[in-house]
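Trainee: Just one file: run_32.pdb, with PDB, C-alpha atoms.
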```
ATOM      1  CA  MET A 297      17.174   7.503  -9.552  1.00  0.00           C
ATOM      2  CA  LYS A 298      17.824   5.889  -6.150  1.00  0.00           C
ATOM      3  CA  ASN A 299      16.163   8.875  -4.451  1.00  0.00           C
ATOM      4  CA  VAL A 300      13.031   8.404  -6.568  1.00  0.00           C
ATOM      5  CA  ASP A 301      12.959   4.668  -5.720  1.00  0.00           C
ATOM      6  CA  ALA A 302      13.328   5.449  -2.007  1.00  0.00           C
ATOM      7  CA  VAL A 303      10.437   7.931  -2.169  1.00  0.00           C
ATOM      8  CA  VAL A 304       8.246   5.430  -4.055  1.00  0.00           C
ATOM      9  CA  GLN A 305       9.090   2.705  -1.530  1.00  0.00           C
ATOM     10  CA  ARG A 306       8.487   4.943   1.474  1.00  0.00           C
ATOM     11  CA  GLU A 307       5.104   6.059   0.127  1.00  0.00           C
ATOM     12  CA  ALA A 308       4.052   2.497  -0.763  1.00  0.00           C
ATOM     13  CA  PHE A 309       4.973   1.251   2.717  1.00  0.00           C
ATOM     14  CA  ARG A 310       3.116   4.112   4.402  1.00  0.00           C
ATOM     15  CA  GLN A 311      -0.022   3.300   2.413  1.00  0.00           C
ATOM     16  CA  LYS A 312       0.242  -0.402   3.252  1.00  0.00           C
ATOM     17  CA  VAL A 313       0.934  -0.105   6.989  1.00  0.00           C
ATOM     18  CA  ASN A 314      -2.707   0.100   8.142  1.00  0.00           C
ATOM     19  CA  HIS A 315      -3.851  -3.060   6.340  1.00  0.00           C
ATOM     20  CA  TYR A 316      -0.840  -5.348   6.173  1.00  0.00           C
ATOM     21  CA  ASN A 317       0.447  -7.929   8.637  1.00  0.00           C
ATOM     22  CA  VAL A 318       3.675  -6.373   9.854  1.00  0.00           C
ATOM     23  CA  CYS A 319       6.516  -7.894  11.866  1.00  0.00           C
ATOM     24  CA  MET A 320       8.289  -6.274  14.799  1.00  0.00           C
ATOM     25  CA  ILE A 321      10.985  -8.896  15.426  1.00  0.00           C
ATOM     26  CA  ASP A 322      14.175  -6.840  15.221  1.00  0.00           C
ATOM     27  CA  ASN A 323      16.498  -9.780  15.865  1.00  0.00           C
ATOM     28  CA  CYS A 324      15.149 -11.865  12.963  1.00  0.00           C
ATOM     29  CA  PRO A 325      17.979 -12.829  10.578  1.00  0.00           C
ATOM     30  CA  LEU A 326      15.776 -11.896   7.579  1.00  0.00           C
ATOM     31  CA  HIS A 327      14.380  -8.585   8.831  1.00  0.00           C
ATOM     32  CA  GLU A 328      16.430  -6.232   6.663  1.00  0.00           C
ATOM     33  CA  GLN A 329      15.086  -7.835   3.458  1.00  0.00           C
ATOM     34  CA  CYS A 330      11.540  -8.562   4.698  1.00  0.00           C
ATOM     35  CA  LEU A 331       8.582  -6.444   3.555  1.00  0.00           C
ATOM     36  CA  ARG A 332       6.676  -7.190   6.759  1.00  0.00           C
ATOM     37  CA  TRP A 333       9.455  -5.821   8.954  1.00  0.00           C
ATOM     38  CA  LEU A 334      10.154  -2.855   6.662  1.00  0.00           C
ATOM     39  CA  VAL A 335       6.471  -1.863   6.538  1.00  0.00           C
ATOM     40  CA  GLY A 336       6.359  -2.313  10.322  1.00  0.00           C
ATOM     41  CA  GLN A 337       8.867   0.522  10.663  1.00  0.00           C
ATOM     42  CA  TYR A 338       6.093   2.885   9.530  1.00  0.00           C
ATOM     43  CA  VAL A 339       3.611   1.925  12.271  1.00  0.00           C
ATOM     44  CA  GLU A 340       2.938   5.097  14.213  1.00  0.00           C
ATOM     45  CA  SER A 341       3.885   4.973  17.889  1.00  0.00           C
ATOM     46  CA  ARG A 342       0.628   6.683  18.876  1.00  0.00           C
ATOM     47  CA  LEU A 343      -1.368   3.594  17.796  1.00  0.00           C
ATOM     48  CA  PRO A 344      -2.021   1.197  20.679  1.00  0.00           C
ATOM     49  CA  MET A 345      -2.432  -1.829  18.346  1.00  0.00           C
ATOM     50  CA  CYS A 346      -1.568  -3.028  14.866  1.00  0.00           C
ATOM     51  CA  THR A 347      -1.987  -6.230  12.872  1.00  0.00           C
ATOM     52  CA  SER A 348       1.167  -8.261  13.279  1.00  0.00           C
ATOM     53  CA  VAL A 349       2.527 -11.743  12.698  1.00  0.00           C
ATOM     54  CA  ASN A 350       2.522 -13.963  15.770  1.00  0.00           C
ATOM     55  CA  PRO A 351       6.024 -13.796  17.289  1.00  0.00           C
ATOM     56  CA  ARG A 352       5.374 -17.090  19.098  1.00  0.00           C
ATOM     57  CA  TYR A 353       4.713 -19.046  15.900  1.00  0.00           C
ATOM     58  CA  PRO A 354       7.610 -21.551  15.728  1.00  0.00           C
ATOM     59  CA  LYS A 355       9.261 -20.468  12.453  1.00  0.00           C
ATOM     60  CA  VAL A 356       8.739 -16.710  12.756  1.00  0.00           C
ATOM     61  CA  GLY A 357      12.015 -14.947  13.454  1.00  0.00           C
ATOM     62  CA  THR A 358      14.094 -17.732  11.888  1.00  0.00           C
ATOM     63  CA  GLU A 359      15.699 -18.397   8.514  1.00  0.00           C
ATOM     64  CA  GLN A 360      12.655 -20.580   7.665  1.00  0.00           C
ATOM     65  CA  CYS A 361      10.019 -17.924   8.409  1.00  0.00           C
ATOM     66  CA  GLU A 362       6.850 -18.696   6.448  1.00  0.00           C
ATOM     67  CA  MET A 363       5.710 -15.073   6.729  1.00  0.00           C
ATOM     68  CA  PHE A 364       8.839 -13.691   5.026  1.00  0.00           C
ATOM     69  CA  ARG A 365       8.150 -11.506   1.995  1.00  0.00           C
ATOM     70  CA  LYS A 366      11.178 -10.373   0.013  1.00  0.00           C
ATOM     71  CA  ASN A 367      11.637  -6.643  -0.465  1.00  0.00           C
ATOM     72  CA  GLN A 368      11.811  -6.891  -4.224  1.00  0.00           C
ATOM     73  CA  ARG A 369       9.632  -5.436  -6.928  1.00  0.00           C
ATOM     74  CA  VAL A 370       8.450  -7.921  -9.543  1.00  0.00           C
ATOM     75  CA  VAL A 371       6.579  -7.768 -12.836  1.00  0.00           C
ATOM     76  CA  MET A 372       2.967  -8.814 -12.355  1.00  0.00           C
ATOM     77  CA  LYS A 373       0.198  -9.090 -14.898  1.00  0.00           C
ATOM     78  CA  ARG A 374      -3.052  -7.137 -14.823  1.00  0.00           C
ATOM     79  CA  GLY A 375      -6.532  -8.017 -16.090  1.00  0.00           C
ATOM     80  CA  LEU A 376      -8.146 -11.007 -17.791  1.00  0.00           C
ATOM     81  CA  ARG A 377     -10.490  -9.309 -20.236  1.00  0.00           C
ATOM     82  CA  ASN A 378      -8.293 -10.271 -23.214  1.00  0.00           C
ATOM     83  CA  LEU A 379      -7.767 -13.857 -22.041  1.00  0.00           C
ATOM     84  CA  TYR A 380     -11.003 -15.173 -23.505  1.00  0.00           C
ATOM     85  CA  HIS A 381     -11.047 -13.399 -26.912  1.00  0.00           C
ATOM     86  CA  ASP A 382      -9.925 -16.347 -29.066  1.00  0.00           C
ATOM     87  CA  MET A 383     -11.048 -19.061 -26.664  1.00  0.00           C
ATOM     88  CA  PRO A 384     -14.088 -21.227 -27.529  1.00  0.00           C
ATOM     89  CA  ALA A 385     -17.044 -20.633 -25.192  1.00  0.00           C
ATOM     90  CA  ARG A 386     -16.990 -24.131 -23.653  1.00  0.00           C
ATOM     91  CA  ILE A 387     -13.311 -23.716 -22.677  1.00  0.00           C
ATOM     92  CA  GLU A 388     -13.845 -20.146 -21.451  1.00  0.00           C
ATOM     93  CA  LYS A 389     -16.703 -21.286 -19.214  1.00  0.00           C
ATOM     94  CA  GLY A 390     -14.641 -24.085 -17.678  1.00  0.00           C
ATOM     95  CA  VAL A 391     -11.623 -21.847 -17.074  1.00  0.00           C
ATOM     96  CA  ARG A 392     -13.759 -19.104 -15.560  1.00  0.00           C
ATOM     97  CA  TRP A 393     -15.553 -21.467 -13.168  1.00  0.00           C
ATOM     98  CA  GLN A 394     -12.322 -23.161 -12.126  1.00  0.00           C
ATOM     99  CA  LEU A 395     -10.723 -19.801 -11.279  1.00  0.00           C
ATOM    100  CA  ILE A 396     -13.847 -18.715  -9.361  1.00  0.00           C
ATOM    101  CA  ALA A 397     -13.755 -21.990  -7.416  1.00  0.00           C
ATOM    102  CA  MET A 398     -10.083 -21.411  -6.518  1.00  0.00           C
ATOM    103  CA  TRP A 399     -10.151 -17.701  -5.706  1.00  0.00           C
ATOM    104  CA  GLY A 400     -13.797 -16.938  -4.954  1.00  0.00           C
ATOM    105  CA  ARG A 401     -16.141 -14.815  -7.052  1.00  0.00           C
ATOM    106  CA  LYS A 402     -15.091 -11.423  -5.617  1.00  0.00           C
ATOM    107  CA  LYS A 403     -11.352 -12.032  -6.110  1.00  0.00           C
ATOM    108  CA  TYR A 404     -11.909 -13.437  -9.607  1.00  0.00           C
ATOM    109  CA  TYR A 405     -13.775 -10.328 -10.761  1.00  0.00           C
ATOM    110  CA  GLU A 406     -11.221  -8.002  -9.143  1.00  0.00           C
ATOM    111  CA  VAL A 407      -8.501  -9.840 -11.060  1.00  0.00           C
ATOM    112  CA  ARG A 408     -10.518  -9.924 -14.290  1.00  0.00           C
ATOM    113  CA  LYS A 409     -11.201  -6.168 -14.211  1.00  0.00           C
ATOM    114  CA  GLY A 410      -7.558  -5.393 -13.399  1.00  0.00           C
ATOM    115  CA  ASP A 411      -8.272  -3.996  -9.920  1.00  0.00           C
ATOM    116  CA  CYS A 412      -5.927  -6.603  -8.428  1.00  0.00           C
ATOM    117  CA  LEU A 413      -2.486  -7.517  -9.777  1.00  0.00           C
ATOM    118  CA  ILE A 414      -1.908 -11.122 -10.824  1.00  0.00           C
ATOM    119  CA  THR A 415       0.985 -12.676  -8.905  1.00  0.00           C
ATOM    120  CA  ALA A 416       3.242 -15.416 -10.275  1.00  0.00           C
ATOM    121  CA  ASP A 417       1.253 -18.038  -8.311  1.00  0.00           C
ATOM    122  CA  MET A 418      -2.017 -16.750  -9.739  1.00  0.00           C
ATOM    123  CA  GLN A 419      -0.540 -16.763 -13.255  1.00  0.00           C
ATOM    124  CA  GLU A 420       0.321 -20.414 -12.695  1.00  0.00           C
ATOM    125  CA  ASP A 421      -3.291 -21.069 -11.594  1.00  0.00           C
ATOM    126  CA  ILE A 422      -4.545 -19.418 -14.788  1.00  0.00           C
ATOM    127  CA  THR A 423      -2.184 -21.401 -17.010  1.00  0.00           C
ATOM    128  CA  ASP A 424      -3.107 -24.666 -15.254  1.00  0.00           C
ATOM    129  CA  ALA A 425      -6.845 -23.954 -15.606  1.00  0.00           C
ATOM    130  CA  CYS A 426      -6.463 -23.122 -19.304  1.00  0.00           C
ATOM    131  CA  ARG A 427      -4.434 -26.248 -20.035  1.00  0.00           C
ATOM    132  CA  HIS A 428      -6.765 -28.422 -17.932  1.00  0.00           C
ATOM    133  CA  HIS A 429      -9.713 -27.328 -20.062  1.00  0.00           C
ATOM    134  CA  GLY A 430      -7.861 -27.838 -23.345  1.00  0.00           C
ATOM    135  CA  TRP A 431      -6.711 -24.322 -24.230  1.00  0.00           C
ATOM    136  CA  GLN A 432      -3.281 -24.508 -25.905  1.00  0.00           C
ATOM    137  CA  GLY A 433      -3.252 -20.934 -27.180  1.00  0.00           C
ATOM    138  CA  PRO A 434      -1.450 -17.998 -25.611  1.00  0.00           C
ATOM    139  CA  ILE A 435      -2.362 -16.708 -22.159  1.00  0.00           C
ATOM    140  CA  VAL A 436      -3.097 -13.034 -22.874  1.00  0.00           C
ATOM    141  CA  TYR A 437      -3.295 -10.491 -20.065  1.00  0.00           C
ATOM    142  CA  ASP A 438      -4.478  -6.897 -20.336  1.00  0.00           C
ATOM    143  CA  GLY A 439      -1.168  -5.446 -19.174  1.00  0.00           C
ATOM    144  CA  GLU A 440       1.568  -5.603 -16.586  1.00  0.00           C
ATOM    145  CA  ASP A 441       2.890  -3.551 -13.687  1.00  0.00           C
ATOM    146  CA  VAL A 442       5.877  -3.617 -11.384  1.00  0.00           C
ATOM    147  CA  ASP A 443       5.039  -3.882  -7.677  1.00  0.00           C
ATOM    148  CA  TRP A 444       6.010  -5.711  -4.518  1.00  0.00           C
ATOM    149  CA  ASP A 445       4.635  -9.232  -4.108  1.00  0.00           C
ATOM    150  CA  TRP A 446       2.893  -8.377  -0.857  1.00  0.00           C
TER
END
```
Take the structure from the file and write it as structure tokens.

Mentor:
Amino acid sequence: MKNVDAVVQREAFRQKVNHYNVCMIDNCPLHEQCLRWLVGQYVESRLPMCTSVNPRYPKVGTEQCEMFRKNQRVVMKRGLRNLYHDMPARIEKGVRWQLIAMWGRKKYYEVRKGDCLITADMQEDITDACRHHGWQGPIVYDGEDVDWDW
């Protein structure tokens, strides 16, 4: 099973390397657990440039690094199509517009359709918006997946 996990991780990191902010600070105390550093190991040496975190930013490369992303897969939700089924229209409209205001229209519709996984922070946004507009019922998502919290 560990071999399968290593293959899945290696493939996921290779796919992410061209559009993810990587880190190249080898002496960082967090580097062995950091997604940014681990993905950075897959940057091809033939490329003259890549998108990277700023090594001169004060907290980068320290225990308090704000760019640190833990190398851990988490359960994330997917899709909002089922969220509104039992919700009254006036509440649904308020929730929808609040989420669009927070995330932007494009991101909202990517999340709604299930094209984008819903992180724990986004789930909190959804719950807050529902409660703010008076919805006390369950928060129903279309499904869930396990992935890294990039």

Trainee: Convert the output of the PyMOL selection byres ((chain A and resi 350-360) around 6) on the shown file into explicit residues, formatted as a list in words.

Mentor: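 For this structure, the PyMOL selection byres ((chain A and resi 350-360) around 6) resolves to Cys324, Val349 and Cys361 of chain A.
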
Trainee: Which of these residues is nearest to Gln419 in chain A, using only C-alpha atoms: A:Gly375, A:Pro384, A:Gly400, A:Gly336?

Mentor: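 Counting only C-alpha atoms, the residue closest to Gln419 in chain A is A:Gly375.
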
Trainee: Looking at all atoms listed in the file, which of A:Arg332, A:Lys402, A:His381, A:His327 is the one that sits closest to Lys312 in chain A?

Mentor: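 Comparing A:Arg332, A:Lys402, A:His381, A:His327 against Lys312 in chain A, the winner is A:Arg332.
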
Trainee: Which distance in Å separates CA of Phe309 in chain A and CA of Arg374 in chain A, to one decimal?

Mentor: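 Interatomic distance here is 21.0 Å.
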
Trainee: What are the closest atom pairs, with distances in Å to one decimal, for all residues of range 329-425 of chain A lying within 10 Å of range 439-443 of chain A? Consider only C-alpha atoms, order rows by chain and residue number, and present the result as a tab-separated table.

Mentor:
```
residue	atom	partner	partner_atom	distance
A:Gln368	CA	A:Asp443	CA	8.2
A:Arg369	CA	A:Asp443	CA	4.9
A:Val370	CA	A:Val442	CA	5.3
A:Val371	CA	A:Val442	CA	4.5
A:Met372	CA	A:Asp441	CA	5.4
A:Lys373	CA	A:Glu440	CA	4.1
A:Arg374	CA	A:Gly439	CA	5.0
A:Gly375	CA	A:Gly439	CA	6.7
A:Leu376	CA	A:Gly439	CA	9.0
A:Asn378	CA	A:Gly439	CA	9.5
A:Gly410	CA	A:Gly439	CA	8.6
A:Leu413	CA	A:Asp441	CA	7.7
A:Ile414	CA	A:Glu440	CA	8.7
A:Thr415	CA	A:Asp443	CA	9.8
```

Trainee: Skip Glu328 in chain A itself and residues of its chain fewer than 2 positions away, then list as a VMD selection string all residues within 12 Å of it, counting all atoms listed in the file.

Mentor: chain A and resid 319 to 326 330 to 337 357 364 to 368

Trainee: Measure the distance from CA of Gln394 in chain A to CA of Ala425 in chain A in Å and round it to one decimal.

Mentor: 6.5 Å

Trainee: For CA of Leu343 in chain A and CA of Cys412 in chain A, determine how far apart the two atoms are, in Å to one decimal place.

Mentor: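 Rounded to one decimal, the two atoms are 28.5 Å apart.
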
Trainee: Which of these residues is nearest to His429 in chain A, using only C-alpha atoms: A:Asp382, A:Asp301, A:Glu340, A:Glu388?

Mentor: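 Smallest separation from His429 in chain A among the options: A:Glu388.
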
Trainee: Return the single residue from A:Cys346, A:Glu406, A:Ile396, A:Gln329 that is closest to Asn314 in chain A, with distances computed using all atoms listed in the file.

Mentor: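 Checking each of A:Cys346, A:Glu406, A:Ile396, A:Gln329 against Asn314 in chain A, counting all atoms listed in the file, the winner is A:Cys346.
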
Trainee: Looking at A:Arg386, A:Arg427, A:Arg306, A:Arg377, which one is nearest to Arg408 in chain A, with distances taken over all atoms listed in the file?

Mentor: A:Arg377

Trainee: Counting only C-alpha atoms, figure out which residue out of A:Glu307, A:Asp445, A:Asp421, A:Glu362 gets nearest to Tyr404 in chain A.

Mentor: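 Using only C-alpha atoms, the shortest distance to Tyr404 in chain A belongs to A:Asp421.
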
Trainee: Quick one: 8 Å padding each side, axis-aligned, all listed atoms of range 382-391 of chain A - centre and edge lengths in Å to one decimal, as JSON?

Mentor:
```
{"center_x": -13.5, "center_y": -20.2, "center_z": -23.1, "size_x": 23.1, "size_y": 23.8, "size_z": 28.0}
```

Trainee: Name the residues that the PyMOL selection byres ((chain A and resi 435) around 7) picks from the file above, as a PyMOL selection string, using the file's chain letters and numbers.

Mentor: chain A and resi 379+423+433-434+436-437

Trainee: Can you complete the atoms of range 394-405 of chain A to all heavy atoms and list them as a CSV table (one decimal), in the coordinates of the input?

Mentor:
```
chain,number,residue,atom,x,y,z
A,394,GLN,N,-13.4,-22.6,-12.9
A,394,GLN,CA,-12.3,-23.2,-12.1
A,394,GLN,C,-11.6,-22.1,-11.3
A,394,GLN,O,-11.3,-22.2,-10.2
A,394,GLN,CB,-11.3,-23.9,-13.0
A,394,GLN,CG,-10.2,-24.6,-12.2
A,394,GLN,CD,-9.3,-25.5,-13.1
A,394,GLN,OE1,-9.7,-25.9,-14.2
A,394,GLN,NE2,-8.2,-25.8,-12.5
A,395,LEU,N,-11.4,-20.9,-12.0
A,395,LEU,CA,-10.7,-19.8,-11.3
A,395,LEU,C,-11.6,-19.3,-10.2
A,395,LEU,O,-11.1,-18.9,-9.1
A,395,LEU,CB,-10.3,-18.7,-12.3
A,395,LEU,CG,-9.3,-19.1,-13.3
A,395,LEU,CD1,-9.1,-18.0,-14.3
A,395,LEU,CD2,-8.0,-19.5,-12.6
A,396,ILE,N,-12.9,-19.2,-10.4
A,396,ILE,CA,-13.8,-18.7,-9.4
A,396,ILE,C,-13.8,-19.7,-8.2
A,396,ILE,O,-13.8,-19.3,-7.0
A,396,ILE,CB,-15.3,-18.5,-9.9
A,396,ILE,CG1,-15.3,-17.3,-10.8
A,396,ILE,CG2,-16.3,-18.4,-8.8
A,396,ILE,CD1,-16.6,-17.1,-11.6
A,397,ALA,N,-13.8,-21.0,-8.5
A,397,ALA,CA,-13.8,-22.0,-7.4
A,397,ALA,C,-12.5,-21.9,-6.6
A,397,ALA,O,-12.5,-22.1,-5.4
A,397,ALA,CB,-13.9,-23.4,-8.0
A,398,MET,N,-11.4,-21.5,-7.2
A,398,MET,CA,-10.1,-21.4,-6.5
A,398,MET,C,-10.0,-20.1,-5.7
A,398,MET,O,-9.5,-20.1,-4.6
A,398,MET,CB,-8.9,-21.5,-7.5
A,398,MET,CG,-8.6,-22.8,-8.0
A,398,MET,SD,-7.1,-22.9,-8.9
A,398,MET,CE,-7.3,-21.9,-10.3
A,399,TRP,N,-10.4,-19.0,-6.3
A,399,TRP,CA,-10.2,-17.7,-5.7
A,399,TRP,C,-11.4,-17.1,-5.0
A,399,TRP,O,-11.3,-16.1,-4.3
A,399,TRP,CB,-9.7,-16.7,-6.8
A,399,TRP,CG,-8.4,-17.0,-7.5
A,399,TRP,CD1,-7.4,-17.9,-7.1
A,399,TRP,CD2,-8.0,-16.6,-8.8
A,399,TRP,NE1,-6.4,-18.0,-8.0
A,399,TRP,CE2,-6.8,-17.2,-9.0
A,399,TRP,CE3,-8.6,-15.7,-9.7
A,399,TRP,CZ2,-6.1,-16.9,-10.2
A,399,TRP,CZ3,-7.9,-15.4,-10.8
A,399,TRP,CH2,-6.6,-16.0,-11.1
A,400,GLY,N,-12.6,-17.6,-5.4
A,400,GLY,CA,-13.8,-16.9,-5.0
A,400,GLY,C,-14.3,-15.9,-6.0
A,400,GLY,O,-13.4,-15.4,-6.8
A,401,ARG,N,-15.6,-15.7,-6.0
A,401,ARG,CA,-16.1,-14.8,-7.1
A,401,ARG,C,-15.6,-13.4,-7.0
A,401,ARG,O,-15.2,-12.8,-8.0
A,401,ARG,CB,-17.7,-14.8,-6.9
A,401,ARG,CG,-18.4,-14.1,-8.0
A,401,ARG,CD,-19.9,-14.2,-7.8
A,401,ARG,NE,-20.3,-15.6,-7.9
A,401,ARG,CZ,-20.6,-16.3,-9.1
A,401,ARG,NH1,-20.4,-15.6,-10.2
A,401,ARG,NH2,-21.0,-17.5,-9.1
A,402,LYS,N,-15.5,-12.8,-5.8
A,402,LYS,CA,-15.1,-11.4,-5.6
A,402,LYS,C,-13.7,-11.2,-6.1
A,402,LYS,O,-13.4,-10.3,-6.9
A,402,LYS,CB,-15.2,-11.0,-4.1
A,402,LYS,CG,-14.8,-9.6,-3.9
A,402,LYS,CD,-15.0,-9.2,-2.4
A,402,LYS,CE,-14.8,-7.7,-2.2
A,402,LYS,NZ,-13.5,-7.3,-1.8
A,403,LYS,N,-12.8,-12.1,-5.7
A,403,LYS,CA,-11.4,-12.0,-6.1
A,403,LYS,C,-11.2,-12.2,-7.6
A,403,LYS,O,-10.5,-11.5,-8.3
A,403,LYS,CB,-10.5,-13.1,-5.4
A,403,LYS,CG,-9.1,-13.0,-5.7
A,403,LYS,CD,-8.5,-11.8,-5.1
A,403,LYS,CE,-6.9,-11.9,-5.0
A,403,LYS,NZ,-6.4,-10.8,-4.3
A,404,TYR,N,-12.0,-13.2,-8.2
A,404,TYR,CA,-11.9,-13.4,-9.6
A,404,TYR,C,-12.3,-12.2,-10.4
A,404,TYR,O,-11.5,-11.8,-11.3
A,404,TYR,CB,-12.9,-14.6,-10.0
A,404,TYR,CG,-13.0,-14.7,-11.5
A,404,TYR,CD1,-12.0,-15.3,-12.3
A,404,TYR,CD2,-14.1,-14.1,-12.2
A,404,TYR,CE1,-12.1,-15.3,-13.7
A,404,TYR,CE2,-14.2,-14.2,-13.6
A,404,TYR,CZ,-13.2,-14.8,-14.3
A,404,TYR,OH,-13.3,-14.8,-15.7
A,405,TYR,N,-13.4,-11.5,-10.0
A,405,TYR,CA,-13.8,-10.3,-10.8
A,405,TYR,C,-12.8,-9.1,-10.5
A,405,TYR,O,-12.7,-8.3,-11.4
A,405,TYR,CB,-15.2,-10.0,-10.5
A,405,TYR,CG,-16.1,-11.0,-11.2
A,405,TYR,CD1,-16.8,-12.0,-10.6
A,405,TYR,CD2,-16.3,-10.9,-12.6
A,405,TYR,CE1,-17.6,-12.9,-11.3
A,405,TYR,CE2,-17.0,-11.8,-13.3
A,405,TYR,CZ,-17.7,-12.8,-12.7
A,405,TYR,OH,-18.5,-13.7,-13.4
```
